[in-house]
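**Student:** Contents of final_7.txt (compact mmCIF, C-alpha atoms and all ligand atoms) are given next:
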```txt
# COMPACT_ATOMS: atom_id res chain seq x y z
CA MET A 1 -118.40 -4.60 -17.42
CA ASN A 2 -116.68 -2.65 -20.21
CA ILE A 3 -112.91 -3.00 -20.43
CA LEU A 4 -110.66 -0.81 -22.57
CA GLY A 5 -107.79 -2.99 -23.84
CA ILE A 6 -104.41 -1.67 -24.99
CA GLU A 7 -101.80 -3.76 -26.86
CA THR A 8 -98.37 -2.47 -27.96
CA SER A 9 -96.03 -5.41 -27.33
CA CYS A 10 -94.63 -5.62 -30.87
CA ASP A 11 -95.59 -3.75 -34.04
CA GLU A 12 -99.34 -3.16 -33.71
CA THR A 13 -100.77 -0.25 -31.73
CA SER A 14 -104.23 -1.47 -30.79
CA ALA A 15 -107.12 -0.35 -28.58
CA ALA A 16 -110.45 -2.14 -28.10
CA ILE A 17 -113.52 -2.03 -25.89
CA VAL A 18 -114.87 -5.43 -24.82
CA GLN A 19 -118.06 -6.02 -22.83
CA ASP A 20 -118.15 -8.80 -20.20
CA GLY A 21 -115.03 -10.44 -21.63
CA VAL A 22 -116.79 -11.68 -24.77
CA HIS A 23 -118.46 -8.92 -26.81
CA LEU A 24 -116.10 -6.86 -28.94
CA LEU A 25 -117.74 -3.42 -29.21
CA ALA A 26 -114.99 -1.65 -31.16
CA GLN A 27 -111.35 -2.10 -32.07
CA VAL A 28 -108.82 0.16 -33.79
CA THR A 29 -105.37 -1.14 -34.76
CA ALA A 30 -102.56 0.88 -36.33
CA SER A 31 -100.26 -1.59 -38.08
CA GLN A 32 -96.55 -0.84 -38.50
CA ILE A 33 -95.96 -3.52 -41.14
CA ASP A 34 -95.09 -1.02 -43.90
CA LEU A 35 -92.68 0.77 -41.60
CA HIS A 36 -90.67 -2.37 -40.80
CA ALA A 37 -91.00 -4.24 -44.13
CA ARG A 38 -87.98 -2.49 -45.65
CA PHE A 39 -85.79 -3.79 -42.78
CA GLY A 40 -87.06 -7.38 -43.17
CA GLY A 41 -88.29 -7.48 -39.56
CA VAL A 42 -89.38 -5.34 -36.62
CA VAL A 43 -86.83 -2.71 -35.52
CA PRO A 44 -87.55 -2.25 -31.79
CA GLU A 45 -86.59 1.44 -31.48
CA VAL A 46 -88.56 2.37 -34.59
CA ALA A 47 -91.54 0.39 -33.24
CA SER A 48 -91.60 2.18 -29.87
CA ARG A 49 -91.41 5.60 -31.50
CA ARG A 50 -94.35 4.81 -33.76
CA HIS A 51 -96.37 3.50 -30.78
CA VAL A 52 -95.83 6.88 -29.08
CA VAL A 53 -97.22 8.67 -32.15
CA ASP A 54 -100.23 6.33 -32.56
CA ILE A 55 -101.36 5.35 -29.05
CA THR A 56 -103.59 8.31 -28.18
CA LYS A 57 -105.04 8.35 -31.71
CA VAL A 58 -106.18 4.72 -31.57
CA VAL A 59 -107.64 5.16 -28.08
CA GLU A 60 -109.58 8.29 -29.13
CA GLN A 61 -110.79 6.53 -32.28
CA VAL A 62 -112.01 3.44 -30.42
CA PHE A 63 -114.18 5.63 -28.17
CA CYS A 64 -115.64 7.32 -31.29
CA ASP A 65 -116.31 3.96 -32.99
CA ALA A 66 -117.98 2.50 -29.89
CA ARG A 67 -119.89 5.80 -29.30
CA MET A 68 -118.69 5.73 -25.71
CA THR A 69 -116.89 7.99 -23.25
CA TRP A 70 -114.70 7.27 -20.23
CA SER A 71 -117.82 7.14 -18.06
CA ASP A 72 -118.78 3.90 -19.88
CA ILE A 73 -115.47 2.20 -19.02
CA ASP A 74 -114.99 0.10 -15.87
CA ALA A 75 -111.33 -0.91 -16.20
CA ILE A 76 -108.23 -0.59 -18.38
CA ALA A 77 -106.31 -3.70 -19.52
CA VAL A 78 -102.81 -3.47 -20.94
CA THR A 79 -100.18 -5.95 -22.15
CA CYS A 80 -97.31 -5.73 -19.66
CA GLY A 81 -95.16 -8.57 -21.08
CA PRO A 82 -93.54 -10.45 -22.66
CA GLY A 83 -92.52 -8.48 -25.74
CA LEU A 84 -90.29 -5.64 -26.92
CA LEU A 85 -89.55 -3.60 -23.81
CA GLY A 86 -89.72 -0.15 -25.40
CA SER A 87 -92.98 -1.02 -27.17
CA LEU A 88 -94.55 -2.48 -24.02
CA LEU A 89 -93.56 0.60 -22.04
CA VAL A 90 -95.57 2.86 -24.34
CA GLY A 91 -98.79 0.90 -23.72
CA VAL A 92 -98.17 0.47 -20.00
CA SER A 93 -97.34 4.18 -19.55
CA ALA A 94 -100.43 5.21 -21.50
CA ALA A 95 -102.64 2.87 -19.46
CA LYS A 96 -101.24 4.19 -16.20
CA GLY A 97 -101.69 7.77 -17.39
CA TYR A 98 -105.33 7.11 -18.32
CA ALA A 99 -105.87 5.32 -14.98
CA LEU A 100 -104.43 8.22 -13.03
CA ALA A 101 -106.48 10.77 -14.95
CA THR A 102 -109.79 8.88 -14.81
CA GLY A 103 -109.53 6.92 -11.57
CA LYS A 104 -110.22 3.63 -13.43
CA PRO A 105 -108.43 0.48 -12.20
CA ILE A 106 -105.89 -1.29 -14.42
CA VAL A 107 -105.04 -4.93 -15.12
CA GLY A 108 -101.61 -5.89 -16.49
CA VAL A 109 -102.09 -8.77 -18.97
CA HIS A 110 -99.70 -11.49 -20.13
CA HIS A 111 -99.48 -11.46 -23.94
CA ILE A 112 -99.94 -15.25 -24.31
CA ALA A 113 -102.98 -15.19 -22.01
CA GLY A 114 -104.28 -12.58 -24.45
CA HIS A 115 -103.78 -14.80 -27.50
CA VAL A 116 -105.64 -17.61 -25.71
CA ALA A 117 -108.51 -15.29 -24.71
CA ALA A 118 -108.98 -14.26 -28.38
CA ALA A 119 -110.70 -17.64 -28.80
CA MET A 120 -113.12 -16.79 -25.97
CA LEU A 121 -114.55 -13.73 -27.73
CA ALA A 122 -117.88 -14.12 -29.48
CA TRP A 123 -117.78 -13.38 -33.19
CA ALA A 124 -120.17 -13.45 -36.10
CA GLY A 125 -121.24 -17.05 -36.50
CA GLY A 126 -119.25 -18.25 -33.47
CA THR A 127 -119.77 -18.39 -29.73
CA GLY A 128 -116.11 -18.65 -28.73
CA ALA A 129 -114.50 -21.18 -26.43
CA THR A 130 -115.30 -21.59 -22.74
CA PRO A 131 -112.52 -23.06 -20.56
CA PRO A 132 -111.49 -25.77 -19.76
CA PHE A 133 -109.67 -26.50 -23.00
CA LEU A 134 -106.32 -27.47 -24.48
CA CYS A 135 -104.58 -24.64 -26.29
CA LEU A 136 -101.80 -24.42 -28.86
CA VAL A 137 -100.42 -20.88 -29.05
CA VAL A 138 -98.41 -20.36 -32.23
CA SER A 139 -97.15 -16.83 -32.94
CA GLY A 140 -94.04 -15.00 -34.06
CA GLY A 141 -92.60 -15.13 -30.56
CA HIS A 142 -94.19 -18.22 -28.98
CA THR A 143 -95.08 -21.86 -29.53
CA GLU A 144 -96.73 -23.25 -26.40
CA LEU A 145 -99.03 -26.17 -25.57
CA LEU A 146 -101.13 -25.27 -22.52
CA THR A 147 -104.13 -26.48 -20.62
CA VAL A 148 -106.53 -23.76 -19.48
CA ASP A 149 -108.87 -24.52 -16.56
CA SER A 150 -112.29 -23.10 -15.80
CA ASP A 151 -110.70 -20.32 -13.68
CA PHE A 152 -108.61 -19.28 -16.72
CA ARG A 153 -105.46 -20.69 -15.10
CA PHE A 154 -102.74 -22.19 -17.27
CA ALA A 155 -100.57 -25.30 -16.99
CA ARG A 156 -97.73 -25.69 -19.49
CA LEU A 157 -97.32 -29.03 -21.26
CA GLY A 158 -94.46 -27.94 -23.52
CA GLY A 159 -93.17 -25.34 -25.92
CA THR A 160 -90.46 -24.56 -28.39
CA ARG A 161 -86.86 -25.08 -27.39
CA ASP A 162 -85.59 -22.55 -29.95
CA ASP A 163 -87.45 -20.67 -32.70
CA ALA A 164 -91.20 -20.07 -32.55
CA ALA A 165 -93.31 -21.42 -35.43
CA GLY A 166 -94.03 -17.92 -36.78
CA GLU A 167 -90.35 -17.04 -36.51
CA ALA A 168 -89.54 -20.10 -38.67
CA TYR A 169 -92.12 -18.91 -41.23
CA ASP A 170 -90.62 -15.42 -41.29
CA LYS A 171 -87.04 -16.73 -41.57
CA VAL A 172 -87.87 -19.14 -44.40
CA ALA A 173 -89.75 -16.35 -46.18
CA ARG A 174 -86.63 -14.21 -45.90
CA LEU A 175 -84.46 -17.00 -47.35
CA LEU A 176 -86.86 -17.06 -50.31
CA GLY A 177 -86.73 -13.28 -50.72
CA LEU A 178 -90.35 -12.74 -49.62
CA ALA A 179 -91.30 -9.53 -47.80
CA TYR A 180 -91.91 -9.30 -44.02
CA PRO A 181 -94.07 -10.71 -42.45
CA GLY A 182 -93.55 -13.84 -44.48
CA GLY A 183 -96.03 -16.21 -42.81
CA PRO A 184 -99.10 -15.28 -44.88
CA LYS A 185 -97.05 -15.25 -48.13
CA VAL A 186 -95.57 -18.70 -47.45
CA ASP A 187 -99.11 -19.90 -46.66
CA ASP A 188 -100.39 -18.62 -50.04
CA LEU A 189 -97.47 -20.05 -52.03
CA ALA A 190 -97.70 -23.40 -50.20
CA HIS A 191 -101.15 -23.91 -51.69
CA ARG A 192 -99.64 -23.83 -55.16
CA GLY A 193 -96.76 -26.23 -54.43
CA ARG A 194 -96.15 -29.93 -53.78
CA PRO A 195 -95.83 -30.77 -50.06
CA ASP A 196 -93.76 -33.89 -50.86
CA ALA A 197 -91.30 -32.17 -53.21
CA TYR A 198 -88.65 -31.88 -50.49
CA VAL A 199 -88.33 -33.90 -47.30
CA PHE A 200 -87.70 -31.54 -44.41
CA PRO A 201 -87.13 -32.74 -40.81
CA ARG A 202 -89.97 -33.15 -38.30
CA ALA A 203 -88.01 -32.33 -35.15
CA LEU A 204 -88.87 -34.02 -31.83
CA LEU A 205 -91.68 -36.02 -33.40
CA GLU A 206 -90.15 -39.21 -32.00
CA ASP A 207 -89.92 -37.61 -28.58
CA ASP A 208 -92.73 -38.41 -26.11
CA GLY A 209 -92.79 -34.89 -24.67
CA PHE A 210 -94.70 -31.84 -25.84
CA ASP A 211 -91.71 -29.69 -26.82
CA PHE A 212 -91.04 -28.33 -30.30
CA SER A 213 -87.92 -27.26 -32.22
CA PHE A 214 -87.98 -25.29 -35.47
CA SER A 215 -84.44 -23.94 -35.91
CA GLY A 216 -83.18 -27.13 -37.62
CA LEU A 217 -86.03 -26.96 -40.09
CA LYS A 218 -85.06 -23.45 -41.14
CA SER A 219 -81.42 -24.61 -41.61
CA ALA A 220 -82.58 -27.62 -43.66
CA VAL A 221 -84.55 -25.32 -45.97
CA ASN A 222 -81.51 -23.05 -46.32
CA ASN A 223 -79.19 -26.01 -47.10
CA GLU A 224 -81.57 -27.36 -49.73
CA ILE A 225 -81.83 -23.99 -51.47
CA VAL A 226 -78.03 -23.45 -51.44
CA LYS A 227 -77.35 -27.02 -52.63
CA ARG A 228 -79.75 -26.71 -55.57
CA ARG A 229 -78.51 -23.28 -56.58
CA ASN A 230 -74.87 -24.42 -56.42
CA ARG A 231 -75.75 -27.28 -58.75
CA GLY A 232 -77.43 -24.83 -61.10
CA GLN A 233 -80.83 -26.46 -60.41
CA ASP A 234 -84.06 -24.51 -60.22
CA VAL A 235 -85.67 -23.98 -56.83
CA SER A 236 -89.46 -23.93 -56.91
CA VAL A 237 -90.53 -21.39 -54.28
CA GLU A 238 -94.02 -22.93 -54.21
CA ASP A 239 -92.62 -26.43 -53.59
CA VAL A 240 -90.26 -25.20 -50.85
CA CYS A 241 -93.16 -23.39 -49.14
CA ALA A 242 -95.47 -26.39 -49.44
CA SER A 243 -92.84 -28.84 -48.13
CA PHE A 244 -91.82 -26.50 -45.28
CA GLN A 245 -95.46 -25.93 -44.30
CA ALA A 246 -96.14 -29.69 -44.38
CA ALA A 247 -93.27 -30.23 -41.89
CA VAL A 248 -94.44 -27.47 -39.51
CA VAL A 249 -98.09 -28.46 -39.65
CA GLU A 250 -97.41 -32.18 -39.16
CA VAL A 251 -95.44 -31.55 -35.95
CA LEU A 252 -97.92 -29.00 -34.55
CA VAL A 253 -100.92 -31.22 -35.25
CA GLU A 254 -99.36 -34.47 -34.03
CA LYS A 255 -98.12 -32.97 -30.73
CA THR A 256 -101.53 -31.37 -30.18
CA ARG A 257 -103.23 -34.70 -30.92
CA ARG A 258 -101.05 -36.46 -28.34
CA ALA A 259 -101.69 -33.68 -25.81
CA ALA A 260 -105.45 -34.02 -26.37
CA LEU A 261 -105.24 -37.77 -25.74
CA HIS A 262 -102.98 -37.23 -22.72
CA THR A 263 -105.29 -34.65 -21.09
CA GLY A 264 -108.61 -35.99 -22.36
CA ALA A 265 -109.46 -32.49 -23.63
CA ARG A 266 -112.75 -32.23 -25.55
CA THR A 267 -112.03 -28.73 -26.86
CA ILE A 268 -108.86 -27.64 -28.63
CA VAL A 269 -108.09 -23.96 -29.16
CA VAL A 270 -105.44 -22.83 -31.66
CA ALA A 271 -104.40 -19.20 -31.16
CA GLY A 272 -101.69 -16.70 -32.19
CA GLY A 273 -100.66 -15.33 -35.59
CA VAL A 274 -99.87 -18.74 -37.12
CA ALA A 275 -103.41 -19.90 -36.26
CA ALA A 276 -104.36 -17.85 -39.34
CA ASN A 277 -102.55 -20.46 -41.46
CA ARG A 278 -104.93 -22.27 -43.81
CA GLY A 279 -102.90 -25.49 -43.91
CA LEU A 280 -102.80 -25.65 -40.12
CA ARG A 281 -106.55 -24.95 -39.84
CA GLU A 282 -107.41 -27.74 -42.27
CA ALA A 283 -105.10 -30.34 -40.69
CA MET A 284 -106.05 -29.44 -37.11
CA SER A 285 -109.78 -29.63 -37.93
CA LYS A 286 -109.33 -33.08 -39.50
CA MET A 287 -107.37 -34.33 -36.50
CA ALA A 288 -109.96 -32.99 -34.02
CA GLN A 289 -112.77 -34.59 -36.01
CA ALA A 290 -111.02 -37.96 -35.78
CA LEU A 291 -110.87 -37.52 -31.99
CA SER A 292 -114.48 -36.28 -31.87
CA ALA A 293 -113.14 -33.13 -30.24
CA ARG A 294 -114.16 -29.53 -30.98
CA VAL A 295 -111.50 -27.25 -32.45
CA ILE A 296 -111.79 -23.46 -32.18
CA PHE A 297 -109.71 -20.89 -34.05
CA PRO A 298 -110.27 -17.19 -33.41
CA PRO A 299 -111.31 -15.31 -36.56
CA ILE A 300 -108.22 -14.42 -38.65
CA GLU A 301 -108.23 -10.73 -37.58
CA LEU A 302 -108.11 -11.78 -33.91
CA CYS A 303 -105.26 -14.30 -34.42
CA THR A 304 -102.55 -11.66 -34.85
CA ASP A 305 -101.84 -9.09 -32.13
CA ASN A 306 -104.88 -7.05 -31.08
CA ALA A 307 -106.27 -5.27 -28.03
CA ALA A 308 -109.59 -7.15 -27.87
CA MET A 309 -107.79 -10.29 -26.73
CA ILE A 310 -106.05 -8.30 -23.96
CA ALA A 311 -109.37 -6.92 -22.67
CA ALA A 312 -110.86 -10.44 -22.82
CA ALA A 313 -107.94 -11.92 -20.84
CA ALA A 314 -108.29 -9.20 -18.20
CA TYR A 315 -111.98 -9.91 -17.59
CA PRO A 316 -111.63 -12.85 -15.12
CA ARG A 317 -109.21 -10.78 -13.02
CA ALA A 318 -111.31 -7.64 -13.22
CA LYS A 319 -114.38 -9.62 -12.13
CA ALA A 320 -112.43 -10.83 -9.10
CA GLY A 321 -111.12 -7.31 -8.33
CA ARG A 322 -107.50 -8.40 -8.89
CA TRP A 323 -106.20 -5.02 -10.03
CA SER A 324 -102.60 -4.15 -10.82
CA PRO A 325 -100.88 -1.27 -9.01
CA LEU A 326 -100.08 2.05 -10.67
CA THR A 327 -96.45 0.98 -10.26
CA LEU A 328 -97.11 -1.74 -12.89
CA ASN A 329 -94.04 -2.16 -15.08
CA ALA A 330 -93.32 -3.59 -18.55
CA TYR A 331 -91.45 -6.90 -18.72
CA ALA A 332 -89.58 -8.18 -21.80
CA GLN A 333 -89.60 -11.64 -20.17
CA LEU A 334 -92.58 -12.70 -18.08
CA PRO A 335 -93.24 -16.40 -17.35
CA LEU A 336 -96.94 -17.19 -17.65
CA ALA A 337 -96.91 -19.05 -14.31
CA ASP A 338 -95.43 -16.01 -12.54
CA TRP A 339 -98.00 -13.67 -14.06
CA GLN A 340 -100.95 -15.80 -13.05
CA ASP A 341 -99.68 -15.96 -9.45
CA ASP A 342 -98.75 -12.26 -9.38
CA HIS A 343 -95.04 -12.99 -8.92
CA TRP A 344 -93.83 -10.00 -10.86
CA PRO A 345 -90.16 -10.00 -11.95
CA GLY A 346 -87.78 -8.24 -9.57
CA GLY A 347 -89.84 -9.28 -6.54
CA HIS A 348 -92.56 -6.69 -7.21
CA ARG A 349 -95.79 -7.42 -5.38
CA LEU A 350 -99.28 -6.83 -6.64
CA SER A 351 -100.63 -4.59 -3.91
CA PRO A 352 -99.52 -0.96 -4.30
CA THR A 353 -99.00 -0.72 -0.56
CA CYS A 354 -96.41 -3.50 -0.70
CA GLU A 355 -94.09 -1.80 -3.21
O1 LIG B 1 -99.40 -13.28 -32.88
P1 LIG B 1 -98.62 -12.41 -33.78
O2 LIG B 1 -99.33 -11.29 -34.46
O3 LIG B 1 -97.41 -11.76 -33.05
C1 LIG B 1 -96.67 -12.33 -32.02
O4 LIG B 1 -97.12 -12.30 -30.87
O5 LIG B 1 -95.60 -12.85 -32.38
O6 LIG B 1 -97.98 -13.40 -34.85
C2 LIG B 1 -97.25 -12.94 -35.93
C3 LIG B 1 -96.67 -14.15 -36.62
C4 LIG B 1 -95.65 -13.79 -37.72
O7 LIG B 1 -94.52 -14.62 -37.54
C5 LIG B 1 -96.40 -14.11 -39.00
O8 LIG B 1 -95.55 -14.48 -40.07
C6 LIG B 1 -97.27 -15.28 -38.54
O9 LIG B 1 -97.71 -14.92 -37.26
N1 LIG B 1 -98.42 -15.48 -39.44
C7 LIG B 1 -98.59 -16.60 -40.21
C8 LIG B 1 -99.78 -16.40 -40.93
N2 LIG B 1 -100.31 -15.17 -40.60
C9 LIG B 1 -99.45 -14.63 -39.67
N3 LIG B 1 -97.85 -17.70 -40.30
C10 LIG B 1 -98.28 -18.66 -41.15
N4 LIG B 1 -99.39 -18.54 -41.90
C11 LIG B 1 -100.17 -17.44 -41.84
N5 LIG B 1 -101.27 -17.35 -42.58
ZN ZN B 2 -98.70 -11.94 -30.26
```
What does this structure look like when you write it as structure tokens?

**Tutor:**
Amino acid sequence: MNILGIETSCDETSAAIVQDGVHLLAQVTASQIDLHARFGGVVPEVASRRHVVDITKVVEQVFCDARMTWSDIDAIAVTCGPGLLGSLLVGVSAAKGYALATGKPIVGVHHIAGHVAAAMLAWAGGTGATPPFLCLVVSGGHTELLTVDSDFRFARLGGTRDDAAGEAYDKVARLLGLAYPGGPKVDDLAHRGRPDAYVFPRALLEDDGFDFSFSGLKSAVNNEIVKRRNRGQDVSVEDVCASFQAAVVEVLVEKTRRAALHTGARTIVVAGGVAANRGLREAMSKMAQALSARVIFPPIELCTDNAAMIAAAAYPRAKAGRWSPLTLNAYAQLPLADWQDDHWPGGHRLSPTCE
């Protein structure tokens, strides 16, 4: 089964063709990073307008790259939430337009389910993860600890109470005058600094639950920088990055370790943009080794937003014939539990005849 995936929930316009949920045949992604960098973050209206310009181009290109036509496609998968509403609407409208024109069925996909499914794709040198597994999703918009069962159903153990891990990276980068998106730059600088130069808080580490909090950490970094500058002291950007990263990584790894012990998981998946972080990869691998568990990170290019992960997440539904109606909408907020049970916001029902 070949699924065309479409992802436009934030600032990447992406299309991919995935075979049987695991084989990535082609992917084309138009990044908007340069467009938003001068504003220090994604400007929603600017993002949606660029998606409109790029969406048909990336879809046409992915067919060329895969040497395929619509007759080779069995279904269309599209991110329908959560994310920036205007951006999501571009992808959802395009998917519905293609579905109407070609008669292919569509599957609306939850963005976090997509990040998780990125780890299930096969890649050079890797076979991907097969559920059940424990999953930490760490991106610019989400920090969630989930269990994923063999039917690709999710149960939430915990998540952030305020900022997402990637958001904390981007905010700290901004405090340090680094360009958007700051995560990869902080990661690079952290490798040249001392992780024990500053002591930043490890929020909720004493707490038995699986929740996270990163907004206090960002404030602590800000206070330290202001205090030093007011005293006329130098601030080492490398040391701040290394100490900040040490605090984030310690909390993410320790909560994941406890969740693995709590659930007895033998496989741990780390997904989302922050899963590209080298410090996190090293520390998580060490922790998993100590537990004799397997840890799987998607390849770096599949950690950040992409359409392959959306096509992969749609596969279990497509196989079961659980299609979405042509009245499918875009949802800025969409609880994962509601999506997996087809409780669409606003009381929408899955079957077209019910709406
Ligand atoms: O998954 P993603 O592309 O978008 C969302 O769904 O949010 O994640 C983007 C986030 C940004 O906050 C970016 O700074 C962060 O992932 N990120 C990183 C790294 N690469 C991307 N954070 C830390 N270290 C990295 N190497
Ligand atoms: Zn994402």

**Student:** Using only C-alpha atoms and all ligand atoms, tabulate the residues of chain A lying at most 9 Å from any atom of ligand ZN 2 (chain B), each with its closest atom pair and that distance in Å to one decimal, by chain and increasing residue number, as a tab-separated table.

**Tutor:**
```
residue	atom	partner	partner_atom	distance
A:Ser9	CA	B:ZN2	ZN	7.6
A:Cys10	CA	B:ZN2	ZN	7.5
A:Gly83	CA	B:ZN2	ZN	8.4
A:His111	CA	B:ZN2	ZN	6.4
A:Ile112	CA	B:ZN2	ZN	6.9
A:Gly114	CA	B:ZN2	ZN	8.1
A:His115	CA	B:ZN2	ZN	6.5
A:Val138	CA	B:ZN2	ZN	8.7
A:Ser139	CA	B:ZN2	ZN	5.8
A:Gly140	CA	B:ZN2	ZN	6.7
A:Gly141	CA	B:ZN2	ZN	6.9
A:His142	CA	B:ZN2	ZN	7.8
A:Gly272	CA	B:ZN2	ZN	5.9
A:Gly273	CA	B:ZN2	ZN	6.6
A:Cys303	CA	B:ZN2	ZN	8.1
A:Thr304	CA	B:ZN2	ZN	6.0
A:Asp305	CA	B:ZN2	ZN	4.6
A:Asn306	CA	B:ZN2	ZN	7.9
```

**Student:** Give me, as a PDB file with C-alpha atoms, in the frame of the given file, all polymer residues having an atom no more than 7 Å from segment 86-101 of chain A, counting all atoms listed in the file and skipping those fewer than 2 positions away in the same chain.

**Tutor:**
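To be explicit, this is the file written out as part35.pdb:
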```
ATOM      1  CA  ILE A   6    -104.410  -1.670 -24.990  1.00  0.00           C
ATOM      2  CA  GLU A   7    -101.800  -3.760 -26.860  1.00  0.00           C
ATOM      3  CA  THR A   8     -98.370  -2.470 -27.960  1.00  0.00           C
ATOM      4  CA  SER A   9     -96.030  -5.410 -27.330  1.00  0.00           C
ATOM      5  CA  CYS A  10     -94.630  -5.620 -30.870  1.00  0.00           C
ATOM      6  CA  ALA A  47     -91.540   0.390 -33.240  1.00  0.00           C
ATOM      7  CA  SER A  48     -91.600   2.180 -29.870  1.00  0.00           C
ATOM      8  CA  HIS A  51     -96.370   3.500 -30.780  1.00  0.00           C
ATOM      9  CA  VAL A  52     -95.830   6.880 -29.080  1.00  0.00           C
ATOM     10  CA  ILE A  76    -108.230  -0.590 -18.380  1.00  0.00           C
ATOM     11  CA  VAL A  78    -102.810  -3.470 -20.940  1.00  0.00           C
ATOM     12  CA  THR A  79    -100.180  -5.950 -22.150  1.00  0.00           C
ATOM     13  CA  CYS A  80     -97.310  -5.730 -19.660  1.00  0.00           C
ATOM     14  CA  GLY A  81     -95.160  -8.570 -21.080  1.00  0.00           C
ATOM     15  CA  GLY A  83     -92.520  -8.480 -25.740  1.00  0.00           C
ATOM     16  CA  LEU A  84     -90.290  -5.640 -26.920  1.00  0.00           C
ATOM     17  CA  GLY A 103    -109.530   6.920 -11.570  1.00  0.00           C
ATOM     18  CA  LYS A 104    -110.220   3.630 -13.430  1.00  0.00           C
ATOM     19  CA  PRO A 105    -108.430   0.480 -12.200  1.00  0.00           C
ATOM     20  CA  ILE A 106    -105.890  -1.290 -14.420  1.00  0.00           C
ATOM     21  CA  LEU A 326    -100.080   2.050 -10.670  1.00  0.00           C
ATOM     22  CA  ASN A 329     -94.040  -2.160 -15.080  1.00  0.00           C
ATOM     23  CA  ALA A 330     -93.320  -3.590 -18.550  1.00  0.00           C
TER      24      ALA A 330
END
```

**Student:** Could you pull the residues within 7 Å of Gly40 of chain A, counting all atoms listed in the file, minus those fewer than 4 positions along the same chain, as a VMD selection string?

**Tutor:** chain A and resid 36 179 to 180

**Student:** Using only C-alpha atoms, list the residues that have an atom at most 12 Å from (-120.3, -12.8, -30.7), coordinates as in the file, as a ChimeraX atom specification.

**Tutor:** /A:18-25,118-129,298-299

**Student:** Using all atoms listed in the file, which of the listed residues (A:Lys185, A:Lys218, A:Arg153, A:Arg294) sits closest to Glu167 of chain A?

**Tutor:**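 Of all the options, A:Lys218 lies closest to Glu167 of chain A.
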
**Student:** From the list A:Gln233, A:Ser243, A:Ser215, A:Ser324, which residue is nearest His191 of chain A when using all atoms listed in the file?

**Tutor:**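 Among A:Gln233, A:Ser243, A:Ser215, A:Ser324, it is A:Ser243 that comes nearest to His191 of chain A.
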
**Student:** Calculated over all atoms listed in the file, which of the candidates A:Val172, A:Ala155, A:Ala117, A:Val42 has the smallest distance to Leu302 of chain A?

**Tutor:** A:Ala117

**Student:** Under the rule that all atoms listed in the file are counted, which of A:Phe214, A:Trp323, A:Tyr169, A:Phe297 is the nearest residue to ligand LIG 1 (chain B)?

**Tutor:**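 Ranking A:Phe214, A:Trp323, A:Tyr169, A:Phe297 by distance to ligand LIG 1 (chain B), first place goes to A:Tyr169.
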
**Student:** Have a look at A:His343, A:His110, A:Arg202, A:Arg194 and name the one nearest to ligand LIG 1 (chain B); count all atoms listed in the file.

**Tutor:**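 Checking each of A:His343, A:His110, A:Arg202, A:Arg194 against ligand LIG 1 (chain B), counting all atoms listed in the file, the winner is A:His110.
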
**Student:** Which polymer residues have any atom within 12 Å of an atom of Leu204 of chain A, counting all atoms listed in the file, with same-chain residues fewer than 5 positions away left out, as a PyMOL selection string?

**Tutor:** chain A and resi 158-161+209-217+247-248+250-252+254-255

**Student:** Would you give the centre and edge lengths, in Å to one decimal, of a box along x, y and z around the listed atoms of segment 167-172 of chain A, with 3 Å added to each side, as lines of an AutoDock Vina configuration file?

**Tutor:**
```
center_x = -89.6
center_y = -17.8
center_z = -40.5
size_x = 11.1
size_y = 10.7
size_z = 13.9
```

**Student:** Have a look at A:Val28, A:Ala275, A:Val109, A:Leu189 and name the one nearest to ligand LIG 1 (chain B); count only C-alpha atoms and all ligand atoms.

**Tutor:**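 Going through A:Val28, A:Ala275, A:Val109, A:Leu189 one by one, the smallest distance to ligand LIG 1 (chain B) is for A:Ala275.
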
**Student:** Between atom CA of Ala337 of chain A and atom CA of Val148 of chain A, what is the distance, to one decimal in Å?

**Tutor:**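 Computed distance, atom CA of Ala337 of chain A to atom CA of Val148 of chain A, equals 11.9 Å.
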
**Student:** Excluding segment 256-263 of chain A and its own-chain neighbours fewer than 5 positions away, which residues fall within 12 Å of it when counting all atoms listed in the file? Please give them as an MDAnalysis selection string.

**Tutor:** chainID A and resid 132:138 143:149 155:159 205:212 249:251 268:270 280 283:295

**Student:** Taking (-103.8, -21.4, -49.6) in the file's own coordinates, collect the residues within 12 Å, counting all atoms listed in the file, and hand them back as a tab-separated table (two decimals) with C-alpha atoms, in the frame of the given file.

**Tutor:**
```tsv
chain	number	residue	atom	x	y	z
A	183	GLY	CA	-96.03	-16.21	-42.81
A	184	PRO	CA	-99.10	-15.28	-44.88
A	185	LYS	CA	-97.05	-15.25	-48.13
A	186	VAL	CA	-95.57	-18.70	-47.45
A	187	ASP	CA	-99.11	-19.90	-46.66
A	188	ASP	CA	-100.39	-18.62	-50.04
A	189	LEU	CA	-97.47	-20.05	-52.03
A	190	ALA	CA	-97.70	-23.40	-50.20
A	191	HIS	CA	-101.15	-23.91	-51.69
A	192	ARG	CA	-99.64	-23.83	-55.16
A	193	GLY	CA	-96.76	-26.23	-54.43
A	238	GLU	CA	-94.02	-22.93	-54.21
A	241	CYS	CA	-93.16	-23.39	-49.14
A	242	ALA	CA	-95.47	-26.39	-49.44
A	245	GLN	CA	-95.46	-25.93	-44.30
A	276	ALA	CA	-104.36	-17.85	-39.34
A	277	ASN	CA	-102.55	-20.46	-41.46
A	278	ARG	CA	-104.93	-22.27	-43.81
A	279	GLY	CA	-102.90	-25.49	-43.91
A	280	LEU	CA	-102.80	-25.65	-40.12
A	281	ARG	CA	-106.55	-24.95	-39.84
A	282	GLU	CA	-107.41	-27.74	-42.27
```
